[in-house]
file run.txt (compact mmCIF, N, CA and C atoms)
# COMPACT_ATOMS: atom_id res chain seq x y z
N MET A 1 0.84 -1.17 0.00
CA MET A 1 0.00 0.00 0.00
C MET A 1 0.89 1.24 0.00
N SER A 2 0.57 2.20 -0.80
CA SER A 2 1.35 3.43 -0.88
C SER A 2 1.30 4.20 0.43
N ALA A 3 2.34 4.98 0.65
CA ALA A 3 2.40 5.87 1.82
C ALA A 3 2.94 7.21 1.34
N TYR A 4 2.80 8.20 2.19
CA TYR A 4 3.13 9.56 1.78
C TYR A 4 3.86 10.31 2.89
N ALA A 5 4.77 11.16 2.47
CA ALA A 5 5.34 12.18 3.34
C ALA A 5 4.64 13.47 2.92
N VAL A 6 4.01 14.12 3.88
CA VAL A 6 3.26 15.34 3.59
C VAL A 6 3.88 16.47 4.40
N GLY A 7 4.21 17.54 3.71
CA GLY A 7 4.79 18.69 4.38
C GLY A 7 3.95 19.93 4.15
N HIS A 8 3.73 20.68 5.22
CA HIS A 8 3.11 22.00 5.14
C HIS A 8 4.20 22.97 5.54
N LEU A 9 4.79 23.61 4.55
CA LEU A 9 5.91 24.52 4.79
C LEU A 9 5.39 25.94 4.87
N HIS A 10 5.71 26.59 5.96
CA HIS A 10 5.21 27.93 6.22
C HIS A 10 5.98 28.96 5.39
N PRO A 11 5.34 30.06 5.05
CA PRO A 11 5.97 31.04 4.19
C PRO A 11 7.26 31.61 4.79
N ALA A 12 8.22 31.81 3.93
CA ALA A 12 9.47 32.46 4.33
C ALA A 12 9.60 33.74 3.52
N ALA A 13 10.03 34.81 4.17
CA ALA A 13 10.18 36.09 3.49
C ALA A 13 11.26 36.02 2.41
N HIS A 14 12.27 35.20 2.68
CA HIS A 14 13.40 35.08 1.76
C HIS A 14 13.88 33.63 1.78
N LEU A 15 14.09 33.04 0.61
CA LEU A 15 14.62 31.68 0.54
C LEU A 15 16.14 31.74 0.53
N ASP A 16 16.73 31.28 1.61
CA ASP A 16 18.17 31.25 1.76
C ASP A 16 18.79 30.25 0.78
N ASP A 17 20.06 30.45 0.44
CA ASP A 17 20.75 29.52 -0.45
C ASP A 17 20.75 28.10 0.08
N GLU A 18 20.71 27.92 1.42
CA GLU A 18 20.65 26.57 1.97
C GLU A 18 19.35 25.86 1.57
N VAL A 19 18.26 26.60 1.44
CA VAL A 19 17.00 26.00 1.02
C VAL A 19 17.12 25.52 -0.43
N PHE A 20 17.78 26.30 -1.26
CA PHE A 20 18.00 25.88 -2.65
C PHE A 20 18.90 24.66 -2.71
N ASP A 21 19.90 24.61 -1.85
CA ASP A 21 20.78 23.44 -1.77
C ASP A 21 19.97 22.21 -1.37
N TYR A 22 19.09 22.36 -0.39
CA TYR A 22 18.19 21.28 0.04
C TYR A 22 17.38 20.79 -1.15
N MET A 23 16.79 21.71 -1.90
CA MET A 23 15.97 21.35 -3.05
C MET A 23 16.79 20.66 -4.13
N ASP A 24 18.01 21.12 -4.34
CA ASP A 24 18.89 20.49 -5.33
C ASP A 24 19.21 19.05 -4.97
N ARG A 25 19.30 18.75 -3.69
CA ARG A 25 19.81 17.45 -3.23
C ARG A 25 18.75 16.45 -2.78
N ILE A 26 17.52 16.89 -2.56
CA ILE A 26 16.54 15.98 -1.95
C ILE A 26 16.21 14.77 -2.81
N GLN A 27 16.10 14.93 -4.12
CA GLN A 27 15.73 13.79 -4.96
C GLN A 27 16.71 12.63 -4.81
N SER A 28 17.99 12.93 -4.66
CA SER A 28 18.97 11.85 -4.51
C SER A 28 18.76 11.08 -3.22
N THR A 29 18.11 11.69 -2.21
CA THR A 29 17.81 10.96 -0.97
C THR A 29 16.54 10.12 -1.13
N LEU A 30 15.65 10.51 -2.04
CA LEU A 30 14.40 9.79 -2.27
C LEU A 30 14.59 8.54 -3.13
N ASP A 31 15.48 8.64 -4.11
CA ASP A 31 15.64 7.57 -5.11
C ASP A 31 15.84 6.18 -4.51
N PRO A 32 16.71 6.00 -3.51
CA PRO A 32 16.91 4.64 -2.98
C PRO A 32 15.67 4.05 -2.31
N PHE A 33 14.68 4.87 -1.99
CA PHE A 33 13.49 4.41 -1.27
C PHE A 33 12.23 4.44 -2.15
N GLY A 34 12.41 4.69 -3.44
CA GLY A 34 11.27 4.73 -4.35
C GLY A 34 10.38 5.94 -4.17
N GLY A 35 10.92 7.01 -3.58
CA GLY A 35 10.13 8.22 -3.35
C GLY A 35 10.07 9.10 -4.58
N ARG A 36 8.91 9.74 -4.76
CA ARG A 36 8.78 10.69 -5.87
C ARG A 36 7.81 11.79 -5.48
N PHE A 37 8.12 12.98 -5.94
CA PHE A 37 7.25 14.12 -5.65
C PHE A 37 5.93 13.96 -6.39
N LEU A 38 4.83 14.16 -5.66
CA LEU A 38 3.49 14.19 -6.25
C LEU A 38 2.97 15.62 -6.27
N VAL A 39 3.32 16.39 -5.25
CA VAL A 39 3.00 17.82 -5.17
C VAL A 39 4.23 18.50 -4.58
N HIS A 40 4.63 19.60 -5.20
CA HIS A 40 5.80 20.30 -4.68
C HIS A 40 5.64 21.81 -4.87
N GLY A 41 5.09 22.43 -3.85
CA GLY A 41 5.02 23.88 -3.83
C GLY A 41 4.00 24.51 -4.77
N ALA A 42 3.10 23.71 -5.32
CA ALA A 42 2.08 24.27 -6.21
C ALA A 42 1.14 25.16 -5.40
N SER A 43 0.52 26.10 -6.06
CA SER A 43 -0.46 26.95 -5.39
C SER A 43 -1.63 26.09 -4.93
N VAL A 44 -2.11 26.35 -3.73
CA VAL A 44 -3.26 25.62 -3.23
C VAL A 44 -4.51 26.47 -3.41
N GLU A 45 -5.61 25.81 -3.67
CA GLU A 45 -6.90 26.48 -3.79
C GLU A 45 -7.64 26.23 -2.48
N ILE A 46 -7.69 27.24 -1.65
CA ILE A 46 -8.28 27.10 -0.32
C ILE A 46 -9.79 27.13 -0.42
N ARG A 47 -10.43 26.07 0.07
CA ARG A 47 -11.88 25.99 0.07
C ARG A 47 -12.45 26.06 1.47
N GLU A 48 -11.66 25.65 2.46
CA GLU A 48 -12.09 25.71 3.86
C GLU A 48 -10.88 26.05 4.70
N GLY A 49 -11.06 26.87 5.71
CA GLY A 49 -9.97 27.20 6.62
C GLY A 49 -8.93 28.10 5.99
N VAL A 50 -7.73 28.03 6.54
CA VAL A 50 -6.62 28.83 6.03
C VAL A 50 -5.45 27.90 5.75
N TRP A 51 -4.63 28.29 4.84
CA TRP A 51 -3.47 27.48 4.48
C TRP A 51 -2.32 28.39 4.11
N PRO A 52 -1.62 28.90 5.12
CA PRO A 52 -0.45 29.73 4.79
C PRO A 52 0.73 28.81 4.43
N GLY A 53 1.31 29.03 3.30
CA GLY A 53 2.50 28.28 2.95
C GLY A 53 2.31 27.36 1.77
N ALA A 54 3.22 26.39 1.69
CA ALA A 54 3.28 25.48 0.55
C ALA A 54 2.98 24.05 0.98
N LEU A 55 2.46 23.28 0.05
CA LEU A 55 2.18 21.87 0.29
C LEU A 55 3.18 21.03 -0.49
N VAL A 56 3.71 20.01 0.16
CA VAL A 56 4.60 19.05 -0.48
C VAL A 56 4.07 17.66 -0.17
N VAL A 57 3.91 16.83 -1.21
CA VAL A 57 3.49 15.45 -1.02
C VAL A 57 4.46 14.58 -1.80
N ILE A 58 5.06 13.63 -1.10
CA ILE A 58 6.01 12.69 -1.70
C ILE A 58 5.44 11.29 -1.52
N GLY A 59 5.33 10.54 -2.61
CA GLY A 59 4.79 9.19 -2.56
C GLY A 59 5.90 8.16 -2.39
N PHE A 60 5.59 7.10 -1.65
CA PHE A 60 6.51 5.98 -1.43
C PHE A 60 5.76 4.67 -1.64
N PRO A 61 6.48 3.59 -1.90
CA PRO A 61 5.82 2.29 -2.08
C PRO A 61 5.13 1.79 -0.81
N GLY A 62 5.56 2.24 0.35
CA GLY A 62 4.95 1.83 1.61
C GLY A 62 5.47 2.67 2.75
N LEU A 63 4.84 2.53 3.93
CA LEU A 63 5.23 3.33 5.09
C LEU A 63 6.65 3.01 5.54
N GLY A 64 7.07 1.77 5.42
CA GLY A 64 8.44 1.41 5.78
C GLY A 64 9.46 2.17 4.96
N ALA A 65 9.21 2.28 3.65
CA ALA A 65 10.12 3.03 2.78
C ALA A 65 10.14 4.51 3.15
N ALA A 66 8.97 5.06 3.49
CA ALA A 66 8.90 6.47 3.88
C ALA A 66 9.69 6.70 5.17
N ARG A 67 9.53 5.81 6.14
CA ARG A 67 10.28 5.93 7.39
C ARG A 67 11.78 5.80 7.15
N ASP A 68 12.15 4.80 6.35
CA ASP A 68 13.57 4.58 6.07
C ASP A 68 14.18 5.80 5.39
N TRP A 69 13.44 6.41 4.47
CA TRP A 69 13.95 7.64 3.82
C TRP A 69 14.14 8.74 4.85
N TYR A 70 13.09 9.01 5.64
CA TYR A 70 13.16 10.12 6.58
C TYR A 70 14.30 9.93 7.58
N GLU A 71 14.51 8.71 8.02
CA GLU A 71 15.54 8.41 9.01
C GLU A 71 16.92 8.17 8.41
N SER A 72 17.03 8.16 7.09
CA SER A 72 18.32 7.90 6.44
C SER A 72 19.33 8.99 6.77
N ASP A 73 20.58 8.61 6.81
CA ASP A 73 21.65 9.59 7.05
C ASP A 73 21.64 10.69 6.00
N ALA A 74 21.39 10.30 4.75
CA ALA A 74 21.40 11.29 3.66
C ALA A 74 20.34 12.36 3.87
N TYR A 75 19.11 11.96 4.26
CA TYR A 75 18.07 12.96 4.46
C TYR A 75 18.27 13.72 5.76
N GLN A 76 18.68 13.04 6.82
CA GLN A 76 18.92 13.72 8.08
C GLN A 76 19.96 14.84 7.93
N GLU A 77 20.91 14.62 7.05
CA GLU A 77 21.92 15.65 6.78
C GLU A 77 21.31 16.88 6.12
N LEU A 78 20.27 16.68 5.32
CA LEU A 78 19.64 17.80 4.60
C LEU A 78 18.64 18.60 5.44
N ILE A 79 17.99 17.96 6.38
CA ILE A 79 16.90 18.60 7.11
C ILE A 79 17.27 19.98 7.65
N PRO A 80 18.43 20.17 8.29
CA PRO A 80 18.74 21.51 8.82
C PRO A 80 18.85 22.60 7.75
N LEU A 81 19.16 22.21 6.52
CA LEU A 81 19.25 23.21 5.45
C LEU A 81 17.90 23.88 5.22
N ARG A 82 16.83 23.13 5.45
CA ARG A 82 15.47 23.68 5.32
C ARG A 82 15.00 24.28 6.63
N THR A 83 15.15 23.55 7.72
CA THR A 83 14.53 23.98 8.98
C THR A 83 15.17 25.22 9.60
N ARG A 84 16.41 25.50 9.24
CA ARG A 84 17.04 26.74 9.75
C ARG A 84 16.39 27.99 9.16
N HIS A 85 15.67 27.81 8.04
CA HIS A 85 15.16 28.98 7.32
C HIS A 85 13.66 28.93 7.05
N MET A 86 13.04 27.80 7.31
CA MET A 86 11.65 27.63 6.93
C MET A 86 10.97 26.70 7.94
N ALA A 87 9.98 27.22 8.66
CA ALA A 87 9.22 26.38 9.59
C ALA A 87 8.24 25.53 8.81
N GLY A 88 7.82 24.45 9.42
CA GLY A 88 6.84 23.61 8.75
C GLY A 88 6.49 22.40 9.58
N ASP A 89 5.55 21.64 9.06
CA ASP A 89 5.09 20.41 9.67
C ASP A 89 5.26 19.30 8.65
N VAL A 90 5.75 18.15 9.08
CA VAL A 90 5.93 17.01 8.19
C VAL A 90 5.35 15.78 8.87
N VAL A 91 4.54 15.03 8.14
CA VAL A 91 3.97 13.78 8.65
C VAL A 91 4.19 12.68 7.62
N LEU A 92 4.26 11.45 8.11
CA LEU A 92 4.27 10.27 7.25
C LEU A 92 2.94 9.57 7.48
N VAL A 93 2.31 9.11 6.41
CA VAL A 93 0.98 8.52 6.54
C VAL A 93 0.77 7.44 5.48
N ASP A 94 0.10 6.36 5.90
CA ASP A 94 -0.30 5.32 4.96
C ASP A 94 -1.43 5.84 4.08
N GLY A 95 -1.45 5.40 2.85
CA GLY A 95 -2.58 5.65 1.97
C GLY A 95 -3.66 4.61 2.25
N VAL A 96 -4.72 4.65 1.50
CA VAL A 96 -5.78 3.65 1.65
C VAL A 96 -5.58 2.55 0.62
N ALA A 97 -6.08 1.37 0.93
CA ALA A 97 -5.96 0.23 0.03
C ALA A 97 -6.90 0.41 -1.16
N PRO A 98 -6.58 -0.23 -2.27
CA PRO A 98 -7.50 -0.19 -3.41
C PRO A 98 -8.89 -0.69 -2.97
N GLY A 99 -9.91 -0.03 -3.45
CA GLY A 99 -11.27 -0.41 -3.11
C GLY A 99 -11.75 0.12 -1.77
N TYR A 100 -10.98 1.03 -1.17
CA TYR A 100 -11.37 1.60 0.11
C TYR A 100 -12.78 2.17 0.03
N ASP A 101 -13.55 1.96 1.09
CA ASP A 101 -14.95 2.41 1.14
C ASP A 101 -15.16 3.25 2.40
N ALA A 102 -15.30 4.55 2.25
CA ALA A 102 -15.50 5.45 3.39
C ALA A 102 -16.77 5.11 4.15
N ALA A 103 -17.81 4.65 3.44
CA ALA A 103 -19.06 4.29 4.12
C ALA A 103 -18.84 3.09 5.04
N ARG A 104 -18.03 2.15 4.65
CA ARG A 104 -17.72 0.99 5.50
C ARG A 104 -16.98 1.46 6.75
N THR A 105 -16.04 2.37 6.59
CA THR A 105 -15.33 2.93 7.74
C THR A 105 -16.31 3.63 8.68
N ALA A 106 -17.24 4.40 8.13
CA ALA A 106 -18.24 5.08 8.94
C ALA A 106 -19.06 4.07 9.73
N ALA A 107 -19.46 2.96 9.09
CA ALA A 107 -20.25 1.93 9.77
C ALA A 107 -19.46 1.32 10.93
N LEU A 108 -18.18 1.04 10.72
CA LEU A 108 -17.35 0.47 11.78
C LEU A 108 -17.18 1.46 12.93
N LEU A 109 -17.00 2.73 12.61
CA LEU A 109 -16.87 3.75 13.66
C LEU A 109 -18.17 3.92 14.44
N ARG A 110 -19.31 3.89 13.72
CA ARG A 110 -20.61 3.99 14.40
C ARG A 110 -20.79 2.82 15.38
N GLU A 111 -20.45 1.64 14.90
CA GLU A 111 -20.58 0.45 15.73
C GLU A 111 -19.68 0.54 16.97
N ALA A 112 -18.44 0.93 16.78
CA ALA A 112 -17.52 1.06 17.90
C ALA A 112 -17.99 2.12 18.89
N GLN A 113 -18.54 3.20 18.37
CA GLN A 113 -19.00 4.30 19.22
C GLN A 113 -20.23 3.87 20.03
N SER A 114 -21.09 3.07 19.45
CA SER A 114 -22.31 2.66 20.15
C SER A 114 -21.99 1.65 21.26
N VAL A 115 -20.89 0.94 21.14
CA VAL A 115 -20.48 -0.05 22.14
C VAL A 115 -19.81 0.65 23.32
N ALA A 116 -19.13 1.77 23.06
CA ALA A 116 -18.37 2.47 24.11
C ALA A 116 -19.23 3.17 25.11

call {"tool": "encode", "arguments": {"input": "run.txt", "output": "structure tokens"}}
result
Amino acid sequence: MSAYAVGHLHPAAHLDDEVFDYMDRIQSTLDPFGGRFLVHGASVEIREGVWPGALVVIGFPGLGAARDWYESDAYQELIPLRTRHMAGDVVLVDGVAPGYDAARTAALLREAQSVA
């Protein structure tokens, strides 16, 4: 099942050269783990709430690969190049299996809630 690294990067008044260095080098840290950018800094169309900053979504073959990438020496070396100049939030998350049914999930949650 696919997994994702999702980043919400907060706006920076100025992009330091270290941020550009991070961007230049990140793909080489993703390649060994099958990671690829799905969304990278595209403009977001806000429909609910607020969203200051940029969205980054990187796809991986599975959560194990996403964890291994994030914890790799190569990526850990890059992280400060971004975080010294740009605040943000990063999460790793499993995707849903093929054929996922939100209504089935709702039924299971209703059942669990009625038992509690």

call {"tool": "atom_distance", "arguments": {"input": "run.txt", "atom1": "CA of Ala65 in chain A", "atom2": "CA of Leu30 in chain A"}}
result
9.5 Å

call {"tool": "closest_residue", "arguments": {"input": "run.txt", "among": "A:Leu15, A:Ala3, A:Val57, A:Leu109", "to": "Val96 in chain A", "atoms": "all atoms listed in the file"}}
result
A:Ala3

call {"tool": "residues_around", "arguments": {"input": "run.txt", "residues": "Phe60 in chain A", "least_positions_apart": "3", "cutoff": "7 Å", "atoms": "all atoms listed in the file", "output": "ChimeraX atom specification"}}
result
/A:1-5,33-36,63,65-66

call {"tool": "select_by_dssp", "arguments": {"input": "run.txt", "residues": "chain A", "states": "alpha helix (DSSP H)", "output": "ChimeraX atom specification"}}
result
/A:17-30,63-71,73-83,102-115

call {"tool": "residues_around", "arguments": {"input": "run.txt", "residues": "range 42-54 of chain A", "least_positions_apart": "5", "cutoff": "6 Å", "atoms": "only C-alpha atoms", "output": "list in words"}}
result
His8, Leu9, His10 and Pro11 of chain A

call {"tool": "select_by_dssp", "arguments": {"input": "run.txt", "residues": "chain A", "states": "strand (DSSP E or B)", "output": "tab-separated table (two decimals) with N, CA and C atoms, in the frame of the given file"}}
result
chain	number	residue	atom	x	y	z
A	3	ALA	N	2.34	4.98	0.65
A	3	ALA	CA	2.40	5.87	1.82
A	3	ALA	C	2.94	7.21	1.34
A	4	TYR	N	2.80	8.20	2.19
A	4	TYR	CA	3.13	9.56	1.78
A	4	TYR	C	3.86	10.31	2.89
A	5	ALA	N	4.77	11.16	2.47
A	5	ALA	CA	5.34	12.18	3.34
A	5	ALA	C	4.64	13.47	2.92
A	6	VAL	N	4.01	14.12	3.88
A	6	VAL	CA	3.26	15.34	3.59
A	6	VAL	C	3.88	16.47	4.40
A	7	GLY	N	4.21	17.54	3.71
A	7	GLY	CA	4.79	18.69	4.38
A	7	GLY	C	3.95	19.93	4.15
A	8	HIS	N	3.73	20.68	5.22
A	8	HIS	CA	3.11	22.00	5.14
A	8	HIS	C	4.20	22.97	5.54
A	9	LEU	N	4.79	23.61	4.55
A	9	LEU	CA	5.91	24.52	4.79
A	9	LEU	C	5.39	25.94	4.87
A	36	ARG	N	8.91	9.74	-4.76
A	36	ARG	CA	8.78	10.69	-5.87
A	36	ARG	C	7.81	11.79	-5.48
A	37	PHE	N	8.12	12.98	-5.94
A	37	PHE	CA	7.25	14.12	-5.65
A	37	PHE	C	5.93	13.96	-6.39
A	38	LEU	N	4.83	14.16	-5.66
A	38	LEU	CA	3.49	14.19	-6.25
A	38	LEU	C	2.97	15.62	-6.27
A	39	VAL	N	3.32	16.39	-5.25
A	39	VAL	CA	3.00	17.82	-5.17
A	39	VAL	C	4.23	18.50	-4.58
A	40	HIS	N	4.63	19.60	-5.20
A	40	HIS	CA	5.80	20.30	-4.68
A	40	HIS	C	5.64	21.81	-4.87
A	54	ALA	N	3.22	26.39	1.69
A	54	ALA	CA	3.28	25.48	0.55
A	54	ALA	C	2.98	24.05	0.98
A	55	LEU	N	2.46	23.28	0.05
A	55	LEU	CA	2.18	21.87	0.29
A	55	LEU	C	3.18	21.03	-0.49
A	56	VAL	N	3.71	20.01	0.16
A	56	VAL	CA	4.60	19.05	-0.48
A	56	VAL	C	4.07	17.66	-0.17
A	57	VAL	N	3.91	16.83	-1.21
A	57	VAL	CA	3.49	15.45	-1.02
A	57	VAL	C	4.46	14.58	-1.80
A	58	ILE	N	5.06	13.63	-1.10
A	58	ILE	CA	6.01	12.69	-1.70
A	58	ILE	C	5.44	11.29	-1.52
A	59	GLY	N	5.33	10.54	-2.61
A	59	GLY	CA	4.79	9.19	-2.56
A	59	GLY	C	5.90	8.16	-2.39
A	60	PHE	N	5.59	7.10	-1.65
A	60	PHE	CA	6.51	5.98	-1.43
A	60	PHE	C	5.76	4.67	-1.64
A	88	GLY	N	7.82	24.45	9.42
A	88	GLY	CA	6.84	23.61	8.75
A	88	GLY	C	6.49	22.40	9.58
A	89	ASP	N	5.55	21.64	9.06
A	89	ASP	CA	5.09	20.41	9.67
A	89	ASP	C	5.26	19.30	8.65
A	90	VAL	N	5.75	18.15	9.08
A	90	VAL	CA	5.93	17.01	8.19
A	90	VAL	C	5.35	15.78	8.87
A	91	VAL	N	4.54	15.03	8.14
A	91	VAL	CA	3.97	13.78	8.65
A	91	VAL	C	4.19	12.68	7.62
A	92	LEU	N	4.26	11.45	8.11
A	92	LEU	CA	4.27	10.27	7.25
A	92	LEU	C	2.94	9.57	7.48
A	93	VAL	N	2.31	9.11	6.41
A	93	VAL	CA	0.98	8.52	6.54
A	93	VAL	C	0.77	7.44	5.48
A	94	ASP	N	0.10	6.36	5.90
A	94	ASP	CA	-0.30	5.32	4.96
A	94	ASP	C	-1.43	5.84	4.08

call {"tool": "closest_residue", "arguments": {"input": "run.txt", "among": "A:Leu55, A:Val6, A:Ile26, A:Ala106", "to": "Leu78 in chain A", "atoms": "only N, CA and C atoms"}}
result
A:Ile26

call {"tool": "closest_residue", "arguments": {"input": "run.txt", "among": "A:Val39, A:Leu81, A:Ala74, A:Val91", "to": "Met23 in chain A", "atoms": "only C-alpha atoms"}}
result
A:Leu81

call {"tool": "closest_residue", "arguments": {"input": "run.txt", "among": "A:Asp17, A:Trp69, A:Ala87, A:Leu108", "to": "Thr29 in chain A", "atoms": "all atoms listed in the file"}}
result
A:Trp69

call {"tool": "atom_distance", "arguments": {"input": "run.txt", "atom1": "CA of Gly95 in chain A", "atom2": "atom C of Asp31 in chain A"}}
result
19.5 Å

call {"tool": "atom_distance", "arguments": {"input": "run.txt", "atom1": "atom C of Asp21 in chain A", "atom2": "atom N of Gly41 in chain A"}}
result
15.1 Å

call {"tool": "axis_aligned_box", "arguments": {"input": "run.txt", "around": "range 13-20 of chain A", "padding_each_side": "4 Å", "output": "AutoDock Vina command-line options"}}
result
--center_x 15.4 --center_y 30.4 --center_z 0.7 --size_x 18.7 --size_y 19.4 --size_z 14.9

call {"tool": "decode", "arguments": {"input": "run.txt", "residues": "range 88-101 of chain A", "atoms": "N, CA and C atoms", "output": "compact mmCIF listing (two decimals), in the first residue's frame"}}
result
# COMPACT_ATOMS: atom_id res chain seq x y z
N GLY A 88 7.82 24.45 9.42
CA GLY A 88 6.84 23.61 8.75
C GLY A 88 6.49 22.40 9.58
N ASP A 89 5.55 21.64 9.06
CA ASP A 89 5.09 20.41 9.67
C ASP A 89 5.26 19.30 8.65
N VAL A 90 5.75 18.15 9.08
CA VAL A 90 5.93 17.01 8.19
C VAL A 90 5.35 15.78 8.87
N VAL A 91 4.54 15.03 8.14
CA VAL A 91 3.97 13.78 8.65
C VAL A 91 4.19 12.68 7.62
N LEU A 92 4.26 11.45 8.11
CA LEU A 92 4.27 10.27 7.25
C LEU A 92 2.94 9.57 7.48
N VAL A 93 2.31 9.11 6.41
CA VAL A 93 0.98 8.52 6.54
C VAL A 93 0.77 7.44 5.48
N ASP A 94 0.10 6.36 5.90
CA ASP A 94 -0.30 5.32 4.96
C ASP A 94 -1.43 5.84 4.08
N GLY A 95 -1.45 5.40 2.85
CA GLY A 95 -2.58 5.65 1.97
C GLY A 95 -3.66 4.61 2.25
N VAL A 96 -4.72 4.65 1.50
CA VAL A 96 -5.78 3.65 1.65
C VAL A 96 -5.58 2.55 0.62
N ALA A 97 -6.08 1.37 0.93
CA ALA A 97 -5.96 0.23 0.03
C ALA A 97 -6.90 0.41 -1.16
N PRO A 98 -6.58 -0.23 -2.27
CA PRO A 98 -7.50 -0.19 -3.41
C PRO A 98 -8.89 -0.69 -2.97
N GLY A 99 -9.91 -0.03 -3.45
CA GLY A 99 -11.27 -0.41 -3.11
C GLY A 99 -11.75 0.12 -1.77
N TYR A 100 -10.98 1.03 -1.17
CA TYR A 100 -11.37 1.60 0.11
C TYR A 100 -12.78 2.17 0.03
N ASP A 101 -13.55 1.96 1.09
CA ASP A 101 -14.95 2.41 1.14
C ASP A 101 -15.16 3.25 2.40
